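Visitor: Questions regarding the structure given below will be posed in turn.
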Amino acid sequence: MTSLPPQPLSPLDGRYRAAVGDLGEHLSEAGLNRARVHVEIEWLIAQTDRGFFGTSPLSEHQKQALRQVVADFGQPDIDELGSLEATTRHDVKAVEYYVRRRLSDLGLDAIAELTHFACTSEDINNLSYAITVRDAVQQVWLPKYRAVVAAIAELAREHRDASMLSRTHGQPATPSTMGKELAVFAHRLERIAKQIEATEYLGKFSGATGTFSAHVVALPDASWPEVSREFVTSLGLDWNPLTTQIESHDWQAELYGKVSHANRVLHNLATDIWTYISLGYFRQIPAAGATGSSTMPHKVNPIRFENAEANLELSSAVLDSLAATLVTSRLQRDLTDSSAQRNIGVGFGHSLLALDNIQRGLTEIDLDRELLLADLDGNWEVLGEAIQTVIRGEVVAGRSTISDPYALLKELTRGKRVGAVELAAFVEGLEIGDAAKQRLLALTPASYTGLADELVDRL
């Protein structure tokens, strides 16, 4: 047997690359290294702008040339960094040497020693991770998530008046509308979206143990906490003033917890849609040329929602693990977070793949309103709740002396099928006011949906 050429171990980088590839712009080794170069260059510019050690501010042309290094970062730079790291055996040191080379190319050797000045690796890394995670969430994951929420909300509005039998505990229950049930998911997911949008992306820039020790010795007169704050916020991040060697990663744990929560709500949506399909409430729209089963030609399987389930579970497993791991660091620093954070893209990748499947799946289903109505018409006993509730009100109003209305309806309906004729005869014989009786006689399972239609407007 011949050996295969190098193959991706993760399906995210193989089979599903087209669906999740945009995350690689940020949550990849190359994306991380580009962000590191960005941080190192901005720190050089910040120092010269402040005239550290008698330096003069760089000209706008020089600044633009340095920033163009980040803008043009591509495969040759990735390869160069790989070669440097092979020698240094240290990823951030490789970035430092790479930046020094660019300074030399631009005739800026005089400020080369300001590269990585007073920095520990984590000063660069924590800012780079914050930048890449922020950009991945805001530019890739959230837009897809928002598109899914919008699609759910659109279906909710389309089916707001589609009466359907509810299935609490899997049993026939008080009717709702398909629109209202979908609106519940859209509302839940929208709430989480707002929490994710409010995420603080924290950064530290305070040296080997978070004390500015080397900084103060090298340049005693600088207001280092203020320099740190200004630099971190200039990168579009929130400043964390009190840390050890590492930024404490609490913001990451909070974010990954929220994304994992969103995953689980989406998982609930996927299992509900799958169940509605199995009940026949939704018909699946066959894709031309697609095969549902390798042996049963008639089948159209709900694979979009099944694929989403699996990937949401994988995503939450990774993100939950990251949230648990990243908040602990022994004493002032250990390296468990270094390996863990390299899997951030895996967690978001499986979530993004699930979102893609749900978005596609929602366009491949069609509501069977006639089946919904037939299902309702076969379950008139669900009106037992309405009848016993009306009787209770009539008793309080002095228009009825019926004792224990609940028990009366339980005897009539529990575990039984009661049709429209039987229920009408039962209502006709009740000792209640005429207005209440007429309301009950006019009621059908399809009309017994309360304010479900109006509740969709809460979206």
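Numbering starts fresh at 1 for the residues of each chain in the structure tokens, the chains themselves are lettered A, B, ... in the order given, and ligands are numbered from 1 as they appear.
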Got a sec: who's within 6 Å of segment 192-209 of chain A, counting only C-alpha atoms, leaving out chain neighbours fewer than 5 positions off, as JSON, numbers by chain?
Guide: {"A": [119, 120, 123, 127, 130, 228, 237, 238, 239, 240, 244, 245, 247]}
Visitor: So that I have them on file, write out the residues from the current selection with all heavy atoms, as a CSV table (one decimal), in the first residue's frame.
Guide:
chain,number,residue,atom,x,y,z
A,119,CYS,N,9.3,43.6,26.6
A,119,CYS,CA,8.1,42.7,26.5
A,119,CYS,C,8.5,41.3,26.9
A,119,CYS,O,9.6,40.8,26.6
A,119,CYS,CB,7.7,42.7,25.0
A,119,CYS,SG,7.0,44.2,24.4
A,120,THR,N,7.5,40.6,27.5
A,120,THR,CA,7.6,39.2,27.6
A,120,THR,C,6.7,38.6,26.5
A,120,THR,O,5.9,39.4,25.9
A,120,THR,CB,7.0,38.7,29.0
A,120,THR,OG1,7.2,37.3,29.1
A,120,THR,CG2,5.6,39.1,29.1
A,123,ASP,N,3.1,39.4,26.4
A,123,ASP,CA,2.6,40.7,26.1
A,123,ASP,C,2.2,40.8,24.6
A,123,ASP,O,1.2,41.4,24.3
A,123,ASP,CB,3.7,41.8,26.4
A,123,ASP,CG,3.9,42.1,27.8
A,123,ASP,OD1,2.9,42.0,28.6
A,123,ASP,OD2,5.0,42.4,28.2
A,127,LEU,N,-2.3,40.1,23.3
A,127,LEU,CA,-2.9,41.1,22.4
A,127,LEU,C,-3.2,40.5,21.0
A,127,LEU,O,-4.2,40.8,20.5
A,127,LEU,CB,-1.9,42.3,22.3
A,127,LEU,CG,-1.5,43.0,23.5
A,127,LEU,CD1,-0.6,44.1,23.3
A,127,LEU,CD2,-2.8,43.6,24.2
A,130,ALA,N,-6.3,38.3,21.3
A,130,ALA,CA,-7.5,39.2,21.5
A,130,ALA,C,-7.9,39.8,20.1
A,130,ALA,O,-9.1,39.8,19.8
A,130,ALA,CB,-7.2,40.3,22.5
A,228,SER,N,0.9,51.7,28.8
A,228,SER,CA,0.3,50.4,28.6
A,228,SER,C,-1.1,50.6,28.2
A,228,SER,O,-1.6,50.0,27.2
A,228,SER,CB,0.5,49.6,29.8
A,228,SER,OG,-0.3,48.4,29.7
A,237,LEU,N,-8.6,47.3,21.8
A,237,LEU,CA,-8.9,46.3,22.9
A,237,LEU,C,-9.2,47.1,24.2
A,237,LEU,O,-8.9,48.3,24.3
A,237,LEU,CB,-7.7,45.4,23.1
A,237,LEU,CG,-7.2,44.7,21.8
A,237,LEU,CD1,-5.9,43.9,22.1
A,237,LEU,CD2,-8.3,43.7,21.3
A,238,ASP,N,-9.6,46.3,25.2
A,238,ASP,CA,-9.8,46.9,26.5
A,238,ASP,C,-8.6,46.5,27.4
A,238,ASP,O,-8.1,45.4,27.4
A,238,ASP,CB,-11.1,46.3,27.1
A,238,ASP,CG,-12.4,46.7,26.3
A,238,ASP,OD1,-12.7,47.8,26.3
A,238,ASP,OD2,-13.0,45.8,25.7
A,239,TRP,N,-8.2,47.5,28.2
A,239,TRP,CA,-7.0,47.3,29.0
A,239,TRP,C,-7.3,46.6,30.3
A,239,TRP,O,-8.2,46.9,31.0
A,239,TRP,CB,-6.4,48.7,29.3
A,239,TRP,CG,-5.1,48.7,30.0
A,239,TRP,CD1,-4.0,48.0,29.7
A,239,TRP,CD2,-4.8,49.4,31.2
A,239,TRP,NE1,-3.0,48.3,30.6
A,239,TRP,CE2,-3.5,49.2,31.6
A,239,TRP,CE3,-5.5,50.3,32.1
A,239,TRP,CZ2,-2.8,49.7,32.7
A,239,TRP,CZ3,-4.9,50.9,33.2
A,239,TRP,CH2,-3.6,50.6,33.5
A,240,ASN,N,-6.4,45.6,30.6
A,240,ASN,CA,-6.5,44.9,31.9
A,240,ASN,C,-5.3,45.4,32.7
A,240,ASN,O,-4.1,45.1,32.4
A,240,ASN,CB,-6.4,43.4,31.7
A,240,ASN,CG,-6.7,42.7,33.0
A,240,ASN,OD1,-6.6,43.2,34.1
A,240,ASN,ND2,-7.0,41.4,32.9
A,244,THR,N,-0.8,38.8,36.1
A,244,THR,CA,0.5,38.2,36.3
A,244,THR,C,1.2,38.3,35.0
A,244,THR,O,1.0,39.3,34.3
A,244,THR,CB,0.3,36.7,36.7
A,244,THR,OG1,-0.4,36.0,35.6
A,244,THR,CG2,-0.5,36.5,38.0
A,245,GLN,N,2.1,37.4,34.6
A,245,GLN,CA,2.7,37.4,33.3
A,245,GLN,C,1.7,37.3,32.2
A,245,GLN,O,1.9,37.9,31.1
A,245,GLN,CB,3.7,36.3,33.2
A,245,GLN,CG,4.5,36.3,31.9
A,245,GLN,CD,5.6,35.2,31.8
A,245,GLN,OE1,5.5,34.3,31.0
A,245,GLN,NE2,6.6,35.4,32.6
A,247,GLU,N,-2.3,37.7,30.6
A,247,GLU,CA,-3.6,38.2,30.8
A,247,GLU,C,-4.5,37.1,31.2
A,247,GLU,O,-4.4,36.0,30.7
A,247,GLU,CB,-4.1,38.8,29.4
A,247,GLU,CG,-5.3,39.7,29.5
A,247,GLU,CD,-6.6,39.1,29.9
A,247,GLU,OE1,-6.9,38.0,29.3
A,247,GLU,OE2,-7.3,39.6,30.8
Visitor: Neighbours of Trp224 of chain A within 9 Å (only C-alpha atoms; same-chain residues fewer than 6 positions away dropped), as number ranges by chain?
Guide: A: 206, 212, 215-216
Visitor: Store the residues picked out above, limited to N, CA, C and O atoms, as a PDB file, in the first residue's frame.
Guide:
ATOM      1  N   SER A 206       2.475  44.529  30.391  1.00  0.00           N
ATOM      2  CA  SER A 206       3.117  44.967  31.634  1.00  0.00           C
ATOM      3  C   SER A 206       4.315  44.131  32.043  1.00  0.00           C
ATOM      4  O   SER A 206       4.720  44.149  33.200  1.00  0.00           O
ATOM      5  N   PHE A 212       5.808  45.818  35.448  1.00  0.00           N
ATOM      6  CA  PHE A 212       6.572  46.858  34.746  1.00  0.00           C
ATOM      7  C   PHE A 212       7.997  46.990  35.280  1.00  0.00           C
ATOM      8  O   PHE A 212       8.608  48.049  35.188  1.00  0.00           O
ATOM      9  N   HIS A 215      10.694  47.837  32.686  1.00  0.00           N
ATOM     10  CA  HIS A 215      10.326  49.125  32.115  1.00  0.00           C
ATOM     11  C   HIS A 215      10.834  50.272  33.008  1.00  0.00           C
ATOM     12  O   HIS A 215      11.449  51.231  32.530  1.00  0.00           O
ATOM     13  N   VAL A 216      10.555  50.153  34.303  1.00  0.00           N
ATOM     14  CA  VAL A 216      10.894  51.216  35.247  1.00  0.00           C
ATOM     15  C   VAL A 216      12.407  51.389  35.359  1.00  0.00           C
ATOM     16  O   VAL A 216      12.915  52.510  35.430  1.00  0.00           O
TER      17      VAL A 216
END
Visitor: Fewer than 5 positions away in the same chain doesn't count, so skip those; otherwise give me all residues within 12 Å of Glu411 of chain A, counting only C-alpha atoms, as a list in words.
Guide: Glu381, Gly384, Gln388, Asp404, Pro405, Tyr406, Lys416, Arg417 and Val418 of chain A
Visitor: So which bits of segment 187-368 of chain A end up strand (DSSP E) when you DSSP the backbone, as a ChimeraX atom specification?
Guide: /A:202-203,238-239,282-284,365-367
Visitor: Would you save the residues from that selection as a PDB file, in the first residue's frame, using N, CA and C atoms?
Guide:
ATOM      1  N   LEU A 202      -9.943  41.842  26.345  1.00  0.00           N
ATOM      2  CA  LEU A 202      -8.968  42.439  27.247  1.00  0.00           C
ATOM      3  C   LEU A 202      -7.534  42.153  26.815  1.00  0.00           C
ATOM      4  N   GLY A 203      -6.653  43.122  27.121  1.00  0.00           N
ATOM      5  CA  GLY A 203      -5.238  42.940  26.852  1.00  0.00           C
ATOM      6  C   GLY A 203      -4.386  43.514  27.960  1.00  0.00           C
ATOM      7  N   ASP A 238      -9.616  46.324  25.205  1.00  0.00           N
ATOM      8  CA  ASP A 238      -9.839  46.869  26.538  1.00  0.00           C
ATOM      9  C   ASP A 238      -8.641  46.522  27.423  1.00  0.00           C
ATOM     10  N   TRP A 239      -8.202  47.476  28.207  1.00  0.00           N
ATOM     11  CA  TRP A 239      -6.981  47.319  29.005  1.00  0.00           C
ATOM     12  C   TRP A 239      -7.263  46.594  30.311  1.00  0.00           C
ATOM     13  N   PHE A 282     -42.998  19.452   8.750  1.00  0.00           N
ATOM     14  CA  PHE A 282     -42.207  20.031   7.676  1.00  0.00           C
ATOM     15  C   PHE A 282     -41.937  18.959   6.624  1.00  0.00           C
ATOM     16  N   ARG A 283     -42.162  19.307   5.358  1.00  0.00           N
ATOM     17  CA  ARG A 283     -41.721  18.466   4.243  1.00  0.00           C
ATOM     18  C   ARG A 283     -40.329  18.923   3.839  1.00  0.00           C
ATOM     19  N   GLN A 284     -39.473  17.970   3.499  1.00  0.00           N
ATOM     20  CA  GLN A 284     -38.154  18.327   3.010  1.00  0.00           C
ATOM     21  C   GLN A 284     -38.196  18.492   1.492  1.00  0.00           C
ATOM     22  N   ILE A 365     -36.908  23.179   3.757  1.00  0.00           N
ATOM     23  CA  ILE A 365     -38.104  22.619   4.386  1.00  0.00           C
ATOM     24  C   ILE A 365     -39.312  23.477   4.036  1.00  0.00           C
ATOM     25  N   ASP A 366     -40.463  22.824   4.023  1.00  0.00           N
ATOM     26  CA  ASP A 366     -41.708  23.511   3.676  1.00  0.00           C
ATOM     27  C   ASP A 366     -42.788  23.045   4.646  1.00  0.00           C
ATOM     28  N   LEU A 367     -43.512  23.971   5.245  1.00  0.00           N
ATOM     29  CA  LEU A 367     -44.510  23.630   6.249  1.00  0.00           C
ATOM     30  C   LEU A 367     -45.754  23.032   5.603  1.00  0.00           C
TER      31      LEU A 367
END
Visitor: Could you give me, as number ranges by chain, each residue of segment 160-301 of chain A that DSSP assigns to alpha helix (DSSP H) when run on this structure's backbone?
Guide: A: 178-197, 213-218, 224-234, 250-279
Visitor: From the list A:Val140, A:Ile124, A:Leu219, A:Val232, which residue is nearest His26 of chain A when using only C-alpha atoms?
Guide: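 Closest candidate: A:Val140.
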Visitor: Hey, what's within 8 Å of Val346 of chain A if we count only C-alpha atoms and toss same-chain stuff fewer than 3 positions away? As an MDAnalysis selection string, please?
Guide: chainID A and resid 12 315 318 343 349:350
Visitor: How would the residues just picked look written out with N, CA, C and O atoms as a PDB file, in the first residue's frame?
Guide:
ATOM      1  N   LEU A  12     -12.369  19.990   9.294  1.00  0.00           N
ATOM      2  CA  LEU A  12     -12.528  21.427   9.076  1.00  0.00           C
ATOM      3  C   LEU A  12     -11.538  21.930   8.028  1.00  0.00           C
ATOM      4  O   LEU A  12     -11.826  22.881   7.295  1.00  0.00           O
ATOM      5  N   SER A 315     -18.217  21.587  19.001  1.00  0.00           N
ATOM      6  CA  SER A 315     -17.821  22.959  19.298  1.00  0.00           C
ATOM      7  C   SER A 315     -17.913  23.249  20.786  1.00  0.00           C
ATOM      8  O   SER A 315     -16.976  23.795  21.387  1.00  0.00           O
ATOM      9  N   VAL A 318     -15.114  21.638  22.835  1.00  0.00           N
ATOM     10  CA  VAL A 318     -13.837  22.355  22.756  1.00  0.00           C
ATOM     11  C   VAL A 318     -13.901  23.668  23.526  1.00  0.00           C
ATOM     12  O   VAL A 318     -13.008  23.994  24.318  1.00  0.00           O
ATOM     13  N   ASN A 343      -6.366  25.834  19.744  1.00  0.00           N
ATOM     14  CA  ASN A 343      -7.575  25.125  19.323  1.00  0.00           C
ATOM     15  C   ASN A 343      -8.813  26.018  19.322  1.00  0.00           C
ATOM     16  O   ASN A 343      -9.931  25.523  19.147  1.00  0.00           O
ATOM     17  N   GLY A 349     -14.768  26.785  14.504  1.00  0.00           N
ATOM     18  CA  GLY A 349     -14.972  26.147  13.208  1.00  0.00           C
ATOM     19  C   GLY A 349     -16.157  25.200  13.206  1.00  0.00           C
ATOM     20  O   GLY A 349     -16.986  25.216  12.283  1.00  0.00           O
ATOM     21  N   HIS A 350     -16.256  24.355  14.232  1.00  0.00           N
ATOM     22  CA  HIS A 350     -17.393  23.428  14.290  1.00  0.00           C
ATOM     23  C   HIS A 350     -18.706  24.177  14.480  1.00  0.00           C
ATOM     24  O   HIS A 350     -19.745  23.781  13.936  1.00  0.00           O
TER      25      HIS A 350
END
Visitor: In Å, with one decimal, what is the gap from atom CA of Ala317 of chain A to atom CA of Leu142 of chain A?
Guide: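 Rounded to one decimal, the two atoms are 19.5 Å apart.
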Visitor: Could you list, as a PDB file with N, CA and C atoms, in the first residue's frame, every residue within 12 Å of Gln62 of chain A, counting only C-alpha atoms and ignoring same-chain residues fewer than 4 positions away?
Guide:
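Result went into out20.pdb, see below:
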ATOM      1  N   ILE A  41       5.066  45.925  15.510  1.00  0.00           N
ATOM      2  CA  ILE A  41       5.275  47.137  14.717  1.00  0.00           C
ATOM      3  C   ILE A  41       4.585  48.339  15.360  1.00  0.00           C
ATOM      4  N   LEU A  44       6.657  49.534  18.222  1.00  0.00           N
ATOM      5  CA  LEU A  44       7.775  50.341  17.741  1.00  0.00           C
ATOM      6  C   LEU A  44       7.340  51.780  17.455  1.00  0.00           C
ATOM      7  N   ILE A  45       6.233  51.906  16.746  1.00  0.00           N
ATOM      8  CA  ILE A  45       5.725  53.237  16.397  1.00  0.00           C
ATOM      9  C   ILE A  45       5.341  54.011  17.652  1.00  0.00           C
ATOM     10  N   THR A  48       8.541  55.350  19.447  1.00  0.00           N
ATOM     11  CA  THR A  48       9.177  56.486  18.786  1.00  0.00           C
ATOM     12  C   THR A  48       8.285  57.726  18.834  1.00  0.00           C
ATOM     13  N   SER A  56      13.336  60.026  17.585  1.00  0.00           N
ATOM     14  CA  SER A  56      12.398  60.958  16.963  1.00  0.00           C
ATOM     15  C   SER A  56      11.243  60.164  16.370  1.00  0.00           C
ATOM     16  N   PRO A  57      10.064  60.766  16.327  1.00  0.00           N
ATOM     17  CA  PRO A  57       8.935  60.070  15.707  1.00  0.00           C
ATOM     18  C   PRO A  57       9.248  59.712  14.257  1.00  0.00           C
ATOM     19  N   LEU A  58       8.798  58.538  13.856  1.00  0.00           N
ATOM     20  CA  LEU A  58       8.964  58.132  12.468  1.00  0.00           C
ATOM     21  C   LEU A  58       8.124  59.025  11.566  1.00  0.00           C
ATOM     22  N   LEU A  66       6.126  50.465   7.408  1.00  0.00           N
ATOM     23  CA  LEU A  66       6.087  49.414   8.421  1.00  0.00           C
ATOM     24  C   LEU A  66       4.720  48.737   8.469  1.00  0.00           C
ATOM     25  N   ARG A  67       3.680  49.536   8.410  1.00  0.00           N
ATOM     26  CA  ARG A  67       2.325  48.965   8.477  1.00  0.00           C
ATOM     27  C   ARG A  67       2.009  48.170   7.209  1.00  0.00           C
ATOM     28  N   GLN A  68       2.671  48.510   6.119  1.00  0.00           N
ATOM     29  CA  GLN A  68       2.462  47.758   4.889  1.00  0.00           C
ATOM     30  C   GLN A  68       2.997  46.343   5.009  1.00  0.00           C
ATOM     31  N   VAL A  69       3.962  46.138   5.902  1.00  0.00           N
ATOM     32  CA  VAL A  69       4.475  44.787   6.168  1.00  0.00           C
ATOM     33  C   VAL A  69       3.329  43.890   6.638  1.00  0.00           C
ATOM     34  N   ARG A 102      12.825  43.420   8.689  1.00  0.00           N
ATOM     35  CA  ARG A 102      12.058  44.416   7.955  1.00  0.00           C
ATOM     36  C   ARG A 102      12.570  45.830   8.265  1.00  0.00           C
ATOM     37  N   LEU A 103      12.955  46.051   9.522  1.00  0.00           N
ATOM     38  CA  LEU A 103      13.538  47.347   9.875  1.00  0.00           C
ATOM     39  C   LEU A 103      14.814  47.589   9.092  1.00  0.00           C
ATOM     40  N   ASP A 105      15.570  46.280   6.201  1.00  0.00           N
ATOM     41  CA  ASP A 105      15.186  46.514   4.806  1.00  0.00           C
ATOM     42  C   ASP A 105      14.785  47.966   4.574  1.00  0.00           C
ATOM     43  N   LEU A 106      14.208  48.592   5.600  1.00  0.00           N
ATOM     44  CA  LEU A 106      13.696  49.961   5.476  1.00  0.00           C
ATOM     45  C   LEU A 106      14.701  51.001   5.964  1.00  0.00           C
ATOM     46  N   GLY A 107      15.920  50.567   6.300  1.00  0.00           N
ATOM     47  CA  GLY A 107      16.926  51.501   6.779  1.00  0.00           C
ATOM     48  C   GLY A 107      16.654  52.039   8.160  1.00  0.00           C
ATOM     49  N   LEU A 108      15.963  51.238   8.990  1.00  0.00           N
ATOM     50  CA  LEU A 108      15.614  51.684  10.337  1.00  0.00           C
ATOM     51  C   LEU A 108      16.357  50.888  11.412  1.00  0.00           C
TER      52      LEU A 108
END
Visitor: Quick check, in Å to one decimal: how far apart do atom CA of Ala173 of chain A and atom CA of Ile387 of chain A lie?
Guide: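 Answer for the atom CA of Ala173 of chain A to atom CA of Ile387 of chain A separation: 14.0 Å.
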Visitor: What does the structure give for the distance between atom CA of Leu326 of chain A and atom CA of Leu32 of chain A, in Å to one decimal?
Guide: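 Between atom CA of Leu326 of chain A and atom CA of Leu32 of chain A the gap works out to 17.7 Å.
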Visitor: Find the residues near Trp141 of chain A: any atom within 9 Å, counting only C-alpha atoms, skip ones fewer than 3 places away on the same chain, and give them as a compact mmCIF listing (two decimals) with N, CA, C and O atoms, in the first residue's frame.
Guide:
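result14.txt, written as the output of this step:
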# COMPACT_ATOMS: atom_id res chain seq x y z
N LEU A 23 -12.51 31.58 8.68
CA LEU A 23 -11.94 31.66 10.03
C LEU A 23 -10.42 31.57 10.00
O LEU A 23 -9.73 32.11 10.87
N ALA A 136 -12.31 37.39 14.28
CA ALA A 136 -13.00 36.18 13.84
C ALA A 136 -14.46 36.20 14.26
O ALA A 136 -15.36 35.83 13.49
N VAL A 137 -14.71 36.64 15.48
CA VAL A 137 -16.09 36.70 15.98
C VAL A 137 -16.88 37.77 15.23
O VAL A 137 -17.98 37.51 14.72
N GLN A 138 -16.32 38.97 15.15
CA GLN A 138 -17.07 40.09 14.59
C GLN A 138 -17.20 40.04 13.07
O GLN A 138 -18.21 40.48 12.51
N LYS A 144 -22.57 35.17 10.36
CA LYS A 144 -23.27 33.92 10.02
C LYS A 144 -24.34 33.61 11.06
O LYS A 144 -25.46 33.20 10.72
N TYR A 145 -24.00 33.80 12.33
CA TYR A 145 -24.97 33.58 13.41
C TYR A 145 -26.18 34.50 13.23
O TYR A 145 -27.33 34.06 13.34
N ARG A 146 -25.91 35.77 12.94
CA ARG A 146 -27.01 36.72 12.77
C ARG A 146 -27.87 36.35 11.57
O ARG A 146 -29.10 36.53 11.60
N PHE A 348 -14.58 27.36 17.19
CA PHE A 348 -15.41 28.23 16.36
C PHE A 348 -15.70 27.59 15.00
O PHE A 348 -16.77 27.81 14.42
N GLY A 349 -14.77 26.79 14.50
CA GLY A 349 -14.97 26.15 13.21
C GLY A 349 -16.16 25.20 13.21
O GLY A 349 -16.99 25.22 12.28
N SER A 351 -18.69 25.28 15.23
CA SER A 351 -19.90 26.08 15.39
C SER A 351 -20.29 26.73 14.08
O SER A 351 -21.48 26.74 13.69
N LEU A 352 -19.31 27.28 13.35
CA LEU A 352 -19.60 27.93 12.07
C LEU A 352 -20.13 26.91 11.06
O LEU A 352 -21.07 27.22 10.29
N LEU A 355 -23.72 26.31 11.90
CA LEU A 355 -24.54 27.43 11.46
C LEU A 355 -24.80 27.37 9.96
O LEU A 355 -25.92 27.64 9.50
